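Heads up, target-v1.cif below (mmCIF, C-alpha atoms (C1' of nucleotides)):
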data_query
loop_
_atom_site.label_atom_id
_atom_site.label_comp_id
_atom_site.auth_asym_id
_atom_site.auth_seq_id
_atom_site.Cartn_x
_atom_site.Cartn_y
_atom_site.Cartn_z
CA MET A 1 35.11 -22.09 -53.35
CA GLU A 2 37.82 -19.45 -53.53
CA GLN A 3 37.72 -18.95 -49.76
CA LEU A 4 38.33 -22.65 -49.24
CA PHE A 5 41.30 -22.69 -51.61
CA GLN A 6 42.78 -19.74 -49.76
CA TYR A 7 42.43 -21.75 -46.57
CA PHE A 8 44.14 -24.74 -48.19
CA LYS A 9 47.12 -22.56 -49.15
CA LYS A 10 48.06 -22.20 -45.50
CA PHE A 11 48.58 -25.96 -45.29
CA ASN A 12 49.61 -27.22 -48.72
CA PRO A 13 49.11 -25.22 -51.92
CA LEU A 14 47.32 -27.24 -54.61
CA SER A 15 47.69 -27.41 -58.37
CA LYS A 16 44.76 -26.15 -60.45
CA ASP A 17 43.93 -29.75 -61.35
CA ALA A 18 43.69 -30.71 -57.72
CA GLU A 19 41.54 -27.67 -56.90
CA ASN A 20 39.20 -28.54 -59.73
CA ALA A 21 38.96 -32.13 -58.57
CA ILE A 22 37.92 -30.94 -55.11
CA ALA A 23 35.46 -28.44 -56.56
CA GLU A 24 33.78 -31.30 -58.42
CA ILE A 25 33.04 -33.26 -55.25
CA SER A 26 31.90 -30.21 -53.26
CA THR A 27 28.58 -28.43 -52.98
CA MET A 28 27.56 -25.12 -51.47
CA VAL A 29 25.01 -25.26 -48.68
CA SER A 30 23.01 -22.34 -47.29
CA ILE A 31 21.46 -23.09 -43.95
CA LYS A 32 19.38 -21.14 -41.48
CA LYS A 33 20.20 -20.38 -37.86
CA ASN A 34 19.57 -23.20 -35.39
CA LYS A 35 19.17 -25.85 -38.08
CA ASP A 36 21.10 -29.12 -37.98
CA LEU A 37 23.55 -29.48 -40.81
CA GLN A 38 23.94 -33.15 -39.97
CA PRO A 39 21.75 -35.12 -37.58
CA ILE A 40 22.85 -37.64 -34.98
CA GLY A 41 23.15 -41.28 -35.92
CA HIS A 42 24.51 -41.31 -39.44
CA ALA A 43 28.03 -42.18 -40.50
CA CYS A 44 29.85 -38.98 -41.27
CA LYS A 45 30.45 -38.86 -45.00
CA THR A 46 31.04 -35.15 -45.34
CA ILE A 47 33.71 -32.67 -44.44
CA TYR A 48 32.45 -29.10 -44.07
CA PHE A 49 34.13 -25.75 -44.46
CA ILE A 50 32.48 -22.59 -43.12
CA ASN A 51 32.49 -19.61 -45.45
CA LYS A 52 30.20 -17.63 -43.20
CA GLY A 53 28.46 -18.33 -39.89
CA VAL A 54 29.08 -20.30 -36.71
CA ALA A 55 28.45 -23.95 -35.97
CA ARG A 56 28.85 -26.37 -33.13
CA ILE A 57 29.23 -30.12 -32.77
CA TYR A 58 27.00 -31.49 -30.01
CA TYR A 59 25.67 -34.73 -28.62
CA PHE A 60 23.43 -35.94 -25.82
CA LYS A 61 24.77 -37.49 -22.67
CA ASP A 62 22.05 -38.80 -20.33
CA GLY A 63 19.59 -36.58 -22.15
CA ILE A 64 21.70 -33.46 -21.68
CA ASP A 65 22.85 -31.46 -24.68
CA ILE A 66 26.64 -31.16 -24.62
CA THR A 67 28.67 -29.01 -26.98
CA GLU A 68 31.93 -30.56 -28.09
CA GLY A 69 33.23 -27.56 -29.99
CA PHE A 70 32.52 -24.32 -31.82
CA PHE A 71 33.57 -23.53 -35.37
CA PHE A 72 33.76 -20.16 -37.10
CA GLU A 73 34.46 -18.76 -40.55
CA ASN A 74 37.40 -20.31 -42.36
CA SER A 75 37.50 -23.56 -40.51
CA ILE A 76 36.88 -27.19 -41.28
CA ILE A 77 34.30 -29.22 -39.37
CA ALA A 78 34.08 -32.96 -39.36
CA ARG A 79 33.00 -35.51 -36.81
CA VAL A 80 36.28 -37.32 -37.02
CA GLU A 81 35.35 -40.10 -34.65
CA SER A 82 32.95 -41.20 -37.39
CA LEU A 83 34.82 -39.99 -40.47
CA PHE A 84 37.96 -41.97 -39.64
CA THR A 85 36.28 -45.09 -38.30
CA GLY A 86 33.22 -45.45 -40.52
CA LYS A 87 31.04 -45.84 -37.44
CA PRO A 88 27.79 -43.87 -37.14
CA SER A 89 28.32 -40.64 -35.26
CA ARG A 90 26.44 -39.92 -32.07
CA LYS A 91 27.11 -36.28 -32.71
CA ALA A 92 25.32 -33.63 -34.73
CA ILE A 93 26.42 -30.39 -36.35
CA GLN A 94 24.19 -27.38 -35.77
CA VAL A 95 24.48 -23.94 -37.28
CA LEU A 96 24.10 -21.05 -34.77
CA GLU A 97 23.79 -18.25 -37.32
CA ASP A 98 22.59 -18.25 -40.92
CA ALA A 99 25.53 -19.88 -42.68
CA GLU A 100 27.22 -20.54 -46.00
CA ILE A 101 29.04 -23.83 -45.99
CA VAL A 102 31.04 -25.93 -48.43
CA ALA A 103 30.26 -29.64 -48.15
CA ILE A 104 32.98 -31.99 -49.40
CA ASP A 105 32.03 -35.59 -50.13
CA ALA A 106 34.45 -37.50 -47.91
CA ASN A 107 34.36 -40.84 -49.74
CA ALA A 108 35.04 -39.10 -53.02
CA LEU A 109 37.82 -37.14 -51.33
CA PHE A 110 39.46 -40.31 -50.03
CA LYS A 111 39.44 -41.66 -53.59
CA LEU A 112 41.15 -38.49 -54.79
CA TYR A 113 43.96 -39.29 -52.36
CA ASN A 114 45.01 -42.06 -54.81
CA SER A 115 45.27 -39.81 -57.84
CA PHE A 116 46.41 -36.63 -56.06
CA PRO A 117 49.07 -37.21 -53.37
CA GLU A 118 49.05 -33.44 -52.86
CA ILE A 119 45.42 -33.67 -51.69
CA GLU A 120 46.21 -36.49 -49.30
CA ARG A 121 49.06 -34.41 -47.94
CA LEU A 122 46.84 -31.35 -47.60
CA PHE A 123 44.25 -33.14 -45.52
CA ARG A 124 46.92 -34.96 -43.54
CA LYS A 125 48.24 -31.56 -42.50
CA ILE A 126 44.79 -30.13 -41.82
CA PHE A 127 43.91 -32.96 -39.50
CA GLU A 128 47.33 -32.98 -37.87
CA ALA A 129 46.71 -29.35 -36.92
CA ALA A 130 43.24 -30.21 -35.64
CA TYR A 131 44.73 -33.08 -33.64
CA VAL A 132 47.20 -30.68 -32.01
CA ASP A 133 44.33 -28.35 -31.08
CA THR A 134 42.51 -31.24 -29.46
CA VAL A 135 45.55 -32.36 -27.48
CA ASN A 136 46.02 -28.81 -26.26
CA ARG A 137 42.39 -28.62 -25.27
CA ILE A 138 42.77 -31.63 -22.98
CA GLU A 139 45.60 -29.82 -21.28
CA GLY A 140 43.24 -26.88 -20.78
CA ILE A 141 40.63 -29.09 -19.16
CA GLN A 142 42.84 -31.13 -16.82
CA PHE A 143 43.40 -29.37 -13.53
CA HIS A 144 41.75 -26.08 -14.22
CA THR A 145 38.81 -24.71 -12.31
CA ALA A 146 35.71 -23.71 -14.23
CA GLU A 147 36.58 -20.08 -13.65
CA GLU A 148 40.05 -20.52 -15.14
CA ARG A 149 38.58 -22.25 -18.16
CA TYR A 150 36.06 -19.45 -18.61
CA LYS A 151 38.74 -16.79 -18.41
CA ALA A 152 40.93 -18.69 -20.85
CA LEU A 153 38.06 -18.82 -23.31
CA LEU A 154 37.36 -15.13 -22.80
CA ASN A 155 40.99 -14.49 -23.58
CA GLU A 156 41.59 -16.87 -26.46
CA ALA A 157 38.23 -16.82 -28.21
CA PRO A 158 36.13 -13.85 -27.07
CA ASN A 159 34.07 -14.23 -30.25
CA VAL A 160 32.63 -17.44 -28.83
CA LEU A 161 31.06 -15.51 -25.96
CA GLN A 162 29.79 -12.83 -28.31
CA ARG A 163 28.25 -15.07 -30.93
CA VAL A 164 27.15 -18.19 -29.10
CA PRO A 165 24.37 -18.67 -26.48
CA LEU A 166 25.84 -19.14 -23.02
CA LYS A 167 24.01 -22.40 -22.44
CA TYR A 168 26.15 -23.94 -25.16
CA VAL A 169 29.30 -22.38 -23.78
CA ALA A 170 28.56 -23.89 -20.36
CA SER A 171 28.57 -27.48 -21.56
CA TYR A 172 31.60 -26.77 -23.72
CA LEU A 173 33.40 -25.69 -20.56
CA GLY A 174 32.14 -28.80 -18.80
CA ILE A 175 29.92 -26.98 -16.31
CA THR A 176 26.23 -26.19 -15.87
CA GLN A 177 24.59 -23.05 -17.13
CA VAL A 178 24.00 -22.00 -13.54
CA SER A 179 27.68 -22.30 -12.65
CA LEU A 180 28.69 -20.31 -15.69
CA SER A 181 26.29 -17.56 -14.75
CA ARG A 182 27.70 -17.50 -11.23
CA ILE A 183 31.26 -17.28 -12.54
CA ARG A 184 30.35 -14.41 -14.83
CA ALA A 185 28.73 -12.57 -11.91
CA HIS A 186 31.87 -12.89 -9.81
CA HIS A 187 33.27 -11.02 -12.80
CA MET C 1 61.69 -54.07 -35.84
CA GLU C 2 59.43 -56.98 -36.74
CA GLN C 3 56.97 -56.05 -34.00
CA LEU C 4 56.71 -52.53 -35.42
CA PHE C 5 56.04 -53.80 -38.94
CA GLN C 6 53.32 -56.06 -37.60
CA TYR C 7 51.78 -52.97 -35.99
CA PHE C 8 51.99 -51.08 -39.28
CA LYS C 9 50.10 -53.87 -41.07
CA LYS C 10 46.96 -53.00 -39.12
CA PHE C 11 46.98 -49.54 -40.69
CA ASN C 12 48.63 -49.79 -44.11
CA PRO C 13 50.82 -52.73 -45.15
CA LEU C 14 54.18 -51.60 -46.51
CA SER C 15 56.38 -52.87 -49.31
CA LYS C 16 59.75 -54.37 -48.31
CA ASP C 17 61.47 -51.29 -49.69
CA ALA C 18 59.41 -49.03 -47.49
CA GLU C 19 60.04 -51.21 -44.44
CA ASN C 20 63.78 -51.11 -45.11
CA ALA C 21 63.69 -47.35 -45.50
CA ILE C 22 62.04 -47.02 -42.10
CA ALA C 23 64.45 -49.49 -40.54
CA GLU C 24 67.32 -47.31 -41.71
CA ILE C 25 66.07 -44.24 -39.85
CA SER C 26 65.19 -46.13 -36.66
CA THR C 27 67.22 -47.18 -33.68
CA MET C 28 66.51 -49.52 -30.78
CA VAL C 29 66.62 -48.01 -27.32
CA SER C 30 66.77 -49.89 -24.03
CA ILE C 31 65.86 -47.74 -21.09
CA LYS C 32 65.51 -48.33 -17.38
CA LYS C 33 62.43 -47.81 -15.25
CA ASN C 34 61.67 -44.23 -14.23
CA LYS C 35 64.12 -42.72 -16.71
CA ASP C 36 63.07 -39.97 -19.09
CA LEU C 37 63.16 -41.03 -22.71
CA GLN C 38 62.83 -37.40 -23.75
CA PRO C 39 63.20 -34.41 -21.45
CA ILE C 40 61.05 -31.30 -21.37
CA GLY C 41 61.94 -28.34 -23.53
CA HIS C 42 63.24 -29.80 -26.76
CA ALA C 43 61.47 -29.90 -30.07
CA CYS C 44 60.16 -33.39 -30.59
CA LYS C 45 62.12 -34.95 -33.41
CA THR C 46 61.37 -38.56 -32.67
CA ILE C 47 58.44 -40.90 -32.91
CA TYR C 48 58.61 -43.87 -30.53
CA PHE C 49 57.14 -47.33 -30.66
CA ILE C 50 57.03 -49.49 -27.54
CA ASN C 51 58.12 -53.08 -27.99
CA LYS C 52 58.07 -53.75 -24.27
CA GLY C 53 57.31 -51.65 -21.22
CA VAL C 54 55.05 -48.77 -20.22
CA ALA C 55 55.57 -45.06 -20.65
CA ARG C 56 53.76 -41.84 -19.92
CA ILE C 57 53.77 -38.33 -21.31
CA TYR C 58 53.81 -35.74 -18.55
CA TYR C 59 54.35 -32.06 -17.94
CA PHE C 60 54.35 -29.61 -15.06
CA LYS C 61 51.55 -27.19 -14.41
CA ASP C 62 52.21 -24.76 -11.56
CA GLY C 63 54.92 -27.10 -10.36
CA ILE C 64 52.60 -30.09 -10.27
CA ASP C 65 53.42 -33.21 -12.29
CA ILE C 66 50.51 -34.01 -14.61
CA THR C 67 50.24 -37.15 -16.71
CA GLU C 68 48.77 -36.61 -20.14
CA GLY C 69 48.61 -40.25 -21.13
CA PHE C 70 49.88 -43.80 -20.70
CA PHE C 71 51.31 -45.96 -23.45
CA PHE C 72 51.82 -49.72 -23.47
CA GLU C 73 53.35 -52.37 -25.71
CA ASN C 74 52.56 -52.03 -29.39
CA SER C 75 51.76 -48.40 -29.43
CA ILE C 76 53.23 -45.25 -30.87
CA ILE C 77 54.20 -42.31 -28.65
CA ALA C 78 54.88 -38.84 -29.89
CA ARG C 79 54.39 -35.39 -28.43
CA VAL C 80 52.34 -34.30 -31.38
CA GLU C 81 51.89 -30.73 -30.21
CA SER C 82 55.61 -30.38 -30.86
CA LEU C 83 56.06 -32.89 -33.70
CA PHE C 84 53.46 -31.22 -35.92
CA THR C 85 54.29 -27.63 -35.07
CA GLY C 86 58.07 -27.67 -34.67
CA LYS C 87 57.73 -25.85 -31.36
CA PRO C 88 59.67 -27.09 -28.32
CA SER C 89 57.59 -29.44 -26.23
CA ARG C 90 56.79 -28.65 -22.63
CA LYS C 91 56.19 -32.34 -22.15
CA ALA C 92 58.46 -35.25 -21.34
CA ILE C 93 58.24 -38.98 -21.94
CA GLN C 94 59.09 -41.21 -19.00
CA VAL C 95 59.36 -44.97 -18.93
CA LEU C 96 57.60 -46.64 -15.98
CA GLU C 97 59.10 -50.12 -16.43
CA ASP C 98 62.35 -51.25 -18.04
CA ALA C 99 61.53 -50.82 -21.71
CA GLU C 100 62.53 -51.68 -25.25
CA ILE C 101 61.65 -48.91 -27.64
CA VAL C 102 62.06 -48.18 -31.34
CA ALA C 103 62.99 -44.56 -32.01
CA ILE C 104 62.12 -43.24 -35.47
CA ASP C 105 63.82 -40.06 -36.64
CA ALA C 106 60.84 -37.84 -37.47
CA ASN C 107 62.58 -35.45 -39.84
CA ALA C 108 63.98 -38.35 -41.83
CA LEU C 109 60.53 -39.93 -41.80
CA PHE C 110 58.90 -36.79 -43.17
CA LYS C 111 61.44 -36.84 -46.00
CA LEU C 112 60.51 -40.44 -46.75
CA TYR C 113 56.93 -39.22 -47.28
CA ASN C 114 58.15 -37.72 -50.58
CA SER C 115 59.62 -40.93 -51.96
CA PHE C 116 57.15 -43.37 -50.35
CA PRO C 117 53.51 -42.24 -50.51
CA GLU C 118 52.63 -45.51 -48.78
CA ILE C 119 54.61 -44.35 -45.73
CA GLU C 120 52.86 -40.99 -45.70
CA ARG C 121 49.55 -42.81 -45.90
CA LEU C 122 50.54 -45.18 -43.09
CA PHE C 123 51.36 -42.40 -40.68
CA ARG C 124 48.35 -40.39 -41.78
CA LYS C 125 46.21 -43.32 -40.70
CA ILE C 126 48.12 -43.90 -37.47
CA PHE C 127 47.66 -40.30 -36.40
CA GLU C 128 44.05 -40.19 -37.56
CA ALA C 129 43.37 -43.08 -35.21
CA ALA C 130 45.24 -41.32 -32.40
CA TYR C 131 43.24 -38.17 -33.10
CA VAL C 132 40.00 -40.13 -32.76
CA ASP C 133 41.18 -41.52 -29.41
CA THR C 134 41.90 -38.02 -28.21
CA VAL C 135 38.50 -36.69 -29.28
CA ASN C 136 36.84 -39.59 -27.48
CA ARG C 137 38.87 -38.88 -24.40
CA ILE C 138 37.52 -35.33 -24.21
CA GLU C 139 34.04 -36.78 -24.27
CA GLY C 140 35.04 -38.99 -21.36
CA ILE C 141 36.24 -36.01 -19.36
CA GLN C 142 33.37 -33.59 -19.96
CA PHE C 143 30.53 -34.05 -17.53
CA HIS C 144 31.72 -37.10 -15.72
CA THR C 145 32.48 -37.26 -12.04
CA ALA C 146 35.90 -38.40 -10.93
CA GLU C 147 34.35 -41.66 -9.76
CA GLU C 148 32.83 -42.31 -13.17
CA ARG C 149 36.15 -41.62 -14.86
CA TYR C 150 37.91 -43.97 -12.47
CA LYS C 151 35.42 -46.75 -13.11
CA ALA C 152 35.67 -46.21 -16.86
CA LEU C 153 39.43 -46.57 -16.66
CA LEU C 154 39.08 -49.67 -14.50
CA ASN C 155 36.81 -51.08 -17.14
CA GLU C 156 38.57 -50.04 -20.33
CA ALA C 157 42.21 -50.20 -19.26
CA PRO C 158 42.60 -52.21 -16.05
CA ASN C 159 46.27 -52.73 -16.95
CA VAL C 160 46.87 -49.04 -16.25
CA LEU C 161 45.90 -49.54 -12.62
CA GLN C 162 47.99 -52.67 -12.38
CA ARG C 163 51.16 -51.34 -13.93
CA VAL C 164 51.22 -47.66 -13.12
CA PRO C 165 51.67 -45.86 -9.77
CA LEU C 166 48.38 -44.37 -8.59
CA LYS C 167 49.82 -40.92 -8.21
CA TYR C 168 50.22 -40.80 -11.99
CA VAL C 169 46.75 -42.18 -12.55
CA ALA C 170 45.28 -39.43 -10.37
CA SER C 171 46.56 -36.56 -12.48
CA TYR C 172 45.62 -38.45 -15.63
CA LEU C 173 42.05 -38.55 -14.32
CA GLY C 174 42.27 -34.86 -13.46
CA ILE C 175 42.05 -35.31 -9.68
CA THR C 176 44.38 -35.35 -6.70
CA GLN C 177 45.98 -38.45 -5.32
CA VAL C 178 43.94 -38.02 -2.18
CA SER C 179 40.67 -37.95 -4.11
CA LEU C 180 41.62 -41.04 -6.04
CA SER C 181 42.40 -42.86 -2.82
CA ARG C 182 39.02 -41.85 -1.39
CA ILE C 183 37.22 -43.05 -4.52
CA ARG C 184 39.00 -46.39 -4.37
CA ALA C 185 38.05 -46.78 -0.71
CA HIS C 186 34.36 -46.19 -1.48
CA HIS C 187 35.11 -48.96 -3.98
"C1'" DC L 1 68.96 -56.28 6.59
"C1'" DT L 2 68.14 -51.71 7.75
"C1'" DA L 3 67.34 -47.03 7.18
"C1'" DA L 4 65.65 -43.79 4.22
"C1'" DT L 5 62.68 -42.53 0.80
"C1'" DC L 6 58.60 -42.75 -1.66
"C1'" DC L 7 53.69 -44.16 -2.26
"C1'" DT L 8 49.08 -44.67 -0.54
"C1'" DT L 9 45.58 -44.12 2.69
"C1'" DT L 10 42.94 -41.77 6.23
"C1'" DA L 11 41.10 -37.74 8.63
"C1'" DA L 12 39.31 -32.99 9.24
"C1'" DC L 13 38.09 -28.96 7.24
"C1'" DA L 14 37.25 -25.57 3.27
"C1'" DT L 15 35.39 -24.57 -1.15
"C1'" DA L 16 33.80 -24.97 -5.91
"C1'" DA L 17 30.32 -26.68 -8.46
"C1'" DG L 18 25.80 -29.47 -8.90
"C1'" DA L 19 20.57 -29.51 -8.23
"C1'" DT L 20 16.42 -27.39 -7.88
"C1'" DA L 21 13.43 -23.58 -7.99
"C1'" DA L 22 12.05 -19.13 -9.09
"C1'" DA L 23 12.70 -14.44 -10.95
"C1'" DT L 24 14.23 -11.52 -14.83
"C1'" DA L 25 15.56 -10.68 -19.43
"C1'" DA L 26 15.64 -11.58 -24.22
"C1'" DT L 27 13.86 -13.54 -28.40
"C1'" DC L 28 10.39 -15.29 -31.47
"C1'" DA L 29 5.86 -16.40 -33.67
"C1'" DG L 30 1.60 -14.88 -34.93
"C1'" DC P 1 2.85 -5.27 -30.82
"C1'" DT P 2 1.84 -8.84 -27.66
"C1'" DG P 3 1.90 -13.15 -25.57
"C1'" DA P 4 4.62 -17.20 -25.40
"C1'" DT P 5 8.74 -19.33 -25.38
"C1'" DT P 6 13.57 -19.50 -24.43
"C1'" DA P 7 17.80 -17.84 -22.21
"C1'" DT P 8 20.06 -16.00 -18.22
"C1'" DT P 9 20.53 -14.83 -13.56
"C1'" DT P 10 19.89 -15.28 -8.62
"C1'" DA P 11 19.12 -17.85 -4.32
"C1'" DT P 12 19.37 -21.85 -1.28
"C1'" DC P 13 20.97 -26.09 -0.13
"C1'" DT P 14 23.86 -30.30 -0.96
"C1'" DT P 15 27.80 -32.79 -2.32
"C1'" DA P 16 32.16 -33.89 -4.50
"C1'" DT P 17 36.62 -32.65 -4.59
"C1'" DG P 18 40.58 -29.79 -3.05
"C1'" DT P 19 43.91 -28.78 0.86
"C1'" DT P 20 46.71 -29.89 4.52
"C1'" DA P 21 48.52 -32.99 7.73
"C1'" DA P 22 49.78 -37.28 9.48
"C1'" DA P 23 50.08 -42.32 9.67
"C1'" DG P 24 50.96 -46.74 7.55
"C1'" DG P 25 52.94 -49.50 3.69
"C1'" DA P 26 56.00 -50.43 0.14
"C1'" DT P 27 60.21 -49.94 -2.27
"C1'" DT P 28 65.02 -48.90 -2.80
"C1'" DA P 29 69.91 -47.91 -1.82
"C1'" DG P 30 73.70 -48.98 0.64
#

Using structure tokens, write down the structure from this file.
Amino acid sequence: MEQLFQYFKKFNPLSKDAENAIAEISTMVSIKKNKDLQPIGHACKTIYFINKGVARIYYFKDGIDITEGFFFENSIIARVESLFTGKPSRKAIQVLEDAEIVAIDANALFKLYNSFPEIERLFRKIFEAAYVDTVNRIEGIQFHTAEERYKALLNEAPNVLQRVPLKYVASYLGITQVSLSRIRAHH
Amino acid sequence: MEQLFQYFKKFNPLSKDAENAIAEISTMVSIKKNKDLQPIGHACKTIYFINKGVARIYYFKDGIDITEGFFFENSIIARVESLFTGKPSRKAIQVLEDAEIVAIDANALFKLYNSFPEIERLFRKIFEAAYVDTVNRIEGIQFHTAEERYKALLNEAPNVLQRVPLKYVASYLGITQVSLSRIRAHH
DNA sequence: CTAATCCTTTAACATAAGATAAATAATCAG
DNA sequence: CTGATTATTTATCTTATGTTAAAGGATTAG
């Protein structure tokens, strides 16, 4: 849990009481490469934090596996379109390397918001930052060729290309595996 | 202000005290068609609510005007990538019809979070909902042809096509004006 | 009301990316 | 270690979208 509390400090440092309250509603999960942490079709009731490993959020569109995003050590994963609406998620979370993950019970967390305003503030800030990332990502998608998007990824997150199968990277970039391969060949 | 408070009720009803506190840090703005409400290059210190009119957020990429989003009556506009980071925004807000807008001083609002947890909660929920919209929008962009995106817009937000010049719609859809025209001709 | 400007469409051509298929290369299970 | 599966690359062809240019419509300023 210590790693998670360190992460929290960057957003909103918590009192010991608040940390303990979060520890009580959290569990450690060890999960093997390629396994789904959460399957498609259930309401998202958990917020995850990656201590070790890589994960992706994915879904199927017309039978095709599409990666929405990649997540590395020291980051939060949640399928917010379900978490914040209560609707079942059409998305799954899959681990791409053997991983150590903290699972936080979201309903219990939302209850803690009432007794610990500092926790509500913490998660407000965490999700505000995630929101900003998402807005910036749209800007990266609009009006860029596939090659530009690939180069941007290579530049901003080279670890993605080192640790993640290219077929997942392709759909993340919004192109086919074949196109990605062609772009990489063109150097 | 009444229209804004009605909007708030959908997220988190406020006490009279809280409403008054927000009223005190807000001003009404009347602005003419095609005028910029906020120019490019300043840190975003204001959250807007549209009582009447249409607006868009836009920016320039390689000299080309790109629309990030459209906003209609009864919605909040903010350039969150600046609001939540404090960095200057490379984006501007332009009004596309004569508009009536409530401008909320963001720094003053953030201070109110300390005295009114209900206000912090309200805006947490507002931006969580906006975050969900943005995540869903990425899904709409990835792996859809321009024609599919156009039809989706026609279906989900026909008012955009009725009230907004097509040249702005084109960049919003991530295509050129010429392509959009061709797609519309194919019907 | 008219001229000037701006918006939208149409046309012709160029190019990036999709689809399909097949050949390598890498990984995994037994 | 070996065969089987899975991932990646390469090739060929097709198609959607970009680019540029020009024409027609619509809107606006004076």

Two-atom distance - CA of Ser181 (chain C), CA of Ile175 (chain A) (Å):
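The value is 24.3 Å.
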
Using 12 Å as the limit and counting only C-alpha atoms (C1' of nucleotides), can you tabulate each residue of chain L that touches region 12-24 of chain P, with its shortest atom-to-atom distance in Å and the two atoms involved, as CSV?
residue,atom,partner,partner_atom,distance
L:DC7,C1',P:DG24,C1',10.5
L:DT8,C1',P:DG24,C1',8.6
L:DT9,C1',P:DG24,C1',7.7
L:DT10,C1',P:DA23,C1',7.9
L:DA11,C1',P:DA22,C1',8.7
L:DA12,C1',P:DT20,C1',9.3
L:DC13,C1',P:DT19,C1',8.6
L:DA14,C1',P:DT19,C1',7.8
L:DT15,C1',P:DG18,C1',7.6
L:DA16,C1',P:DT17,C1',8.3
L:DA17,C1',P:DA16,C1',8.4
L:DG18,C1',P:DT15,C1',7.6
L:DA19,C1',P:DT14,C1',8.0
L:DT20,C1',P:DC13,C1',9.1
L:DA21,C1',P:DT12,C1',9.1
L:DA22,C1',P:DT12,C1',11.0

Check what the PyMOL selection byres ((chain C) within 12 of (chain L)) selects in the file above and give those residues as JSON, numbers by chain.
{"C": [143, 144, 145, 164, 165, 166, 167, 168, 170, 177, 178, 179, 180, 181, 182, 183, 184, 185]}

Take the residues that were just selected and, keeping C-alpha atoms, output them as a short mmCIF file (atom, residue, chain, number, x, y, z; two decimals), in the frame of the given file.
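This is the output file out-v3.cif:
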data_model
loop_
_atom_site.label_atom_id
_atom_site.label_comp_id
_atom_site.auth_asym_id
_atom_site.auth_seq_id
_atom_site.Cartn_x
_atom_site.Cartn_y
_atom_site.Cartn_z
CA PHE C 143 30.53 -34.05 -17.53
CA HIS C 144 31.72 -37.10 -15.72
CA THR C 145 32.48 -37.26 -12.04
CA VAL C 164 51.22 -47.66 -13.12
CA PRO C 165 51.67 -45.86 -9.77
CA LEU C 166 48.38 -44.37 -8.59
CA LYS C 167 49.82 -40.92 -8.21
CA TYR C 168 50.22 -40.80 -11.99
CA ALA C 170 45.28 -39.43 -10.37
CA GLN C 177 45.98 -38.45 -5.32
CA VAL C 178 43.94 -38.02 -2.18
CA SER C 179 40.67 -37.95 -4.11
CA LEU C 180 41.62 -41.04 -6.04
CA SER C 181 42.40 -42.86 -2.82
CA ARG C 182 39.02 -41.85 -1.39
CA ILE C 183 37.22 -43.05 -4.52
CA ARG C 184 39.00 -46.39 -4.37
CA ALA C 185 38.05 -46.78 -0.71
#

Please write the residues picked by the PyMOL selection byres ((chain C) within 7 of (chain A)) on this file as a PyMOL selection string.
chain C and resi 80-81+84+124+128+131-132+134-135+138+142-143+174

Explicit residues for the PyMOL selection byres ((chain P) within 8 of (chain A)) (as a ChimeraX atom specification)
/P:7-9

Name all residues at most 9 Å from Asn74 (chain A) (count all atoms listed in the file; drop same-chain ones fewer than 2 positions away) and give them as a ChimeraX atom specification.
/A:3-4,7,49-52,71-72,76

Could you work out how far CA of Lys91 (chain A) lies from CA of Glu2 (chain A), giving the answer in Å with one decimal?
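Calculated distance between CA of Glu2 (chain A) and CA of Lys91 (chain A) is 28.8 Å.
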
In Å and to one decimal, CA of Pro39 (chain C) is distant from CA of Leu109 (chain C) by 21.3 Å

From C:Ser15, C:Asn155, C:Thr46, C:Asn34, residue lying nearest Leu96 (chain C) [all atoms listed in the file]:
C:Asn34

Once you add 3 Å to each side, what are the centre and edge lengths of the axis-aligned box holding all listed atoms of region 63-68 of chain A? One decimal in Å, as lines of an AutoDock Vina configuration file, if you can.
center_x = 25.8
center_y = -32.8
center_z = -24.9
size_x = 18.3
size_y = 13.6
size_z = 12.4

Reconstruct N, CA, C and O atoms of region 160-165 of chain C from the incomplete input and present them as a short mmCIF file (atom, residue, chain, number, x, y, z; two decimals), in the coordinates of the input.
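That gives us result.cif:
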data_model
loop_
_atom_site.label_atom_id
_atom_site.label_comp_id
_atom_site.auth_asym_id
_atom_site.auth_seq_id
_atom_site.Cartn_x
_atom_site.Cartn_y
_atom_site.Cartn_z
N VAL C 160 46.31 -50.29 -16.74
CA VAL C 160 46.87 -49.04 -16.25
C VAL C 160 46.98 -49.11 -14.74
O VAL C 160 48.04 -48.82 -14.16
N LEU C 161 45.91 -49.53 -14.08
CA LEU C 161 45.90 -49.54 -12.62
C LEU C 161 46.82 -50.61 -12.05
O LEU C 161 47.27 -50.51 -10.91
N GLN C 162 47.10 -51.63 -12.87
CA GLN C 162 47.99 -52.67 -12.38
C GLN C 162 49.46 -52.31 -12.55
O GLN C 162 50.30 -52.70 -11.75
N ARG C 163 49.76 -51.55 -13.59
CA ARG C 163 51.16 -51.34 -13.93
C ARG C 163 51.69 -49.95 -13.66
O ARG C 163 52.89 -49.71 -13.84
N VAL C 164 50.83 -49.05 -13.24
CA VAL C 164 51.22 -47.66 -13.12
C VAL C 164 50.96 -47.15 -11.70
O VAL C 164 49.91 -47.44 -11.14
N PRO C 165 51.91 -46.43 -11.09
CA PRO C 165 51.67 -45.86 -9.77
C PRO C 165 50.42 -44.99 -9.74
O PRO C 165 50.16 -44.22 -10.68
#
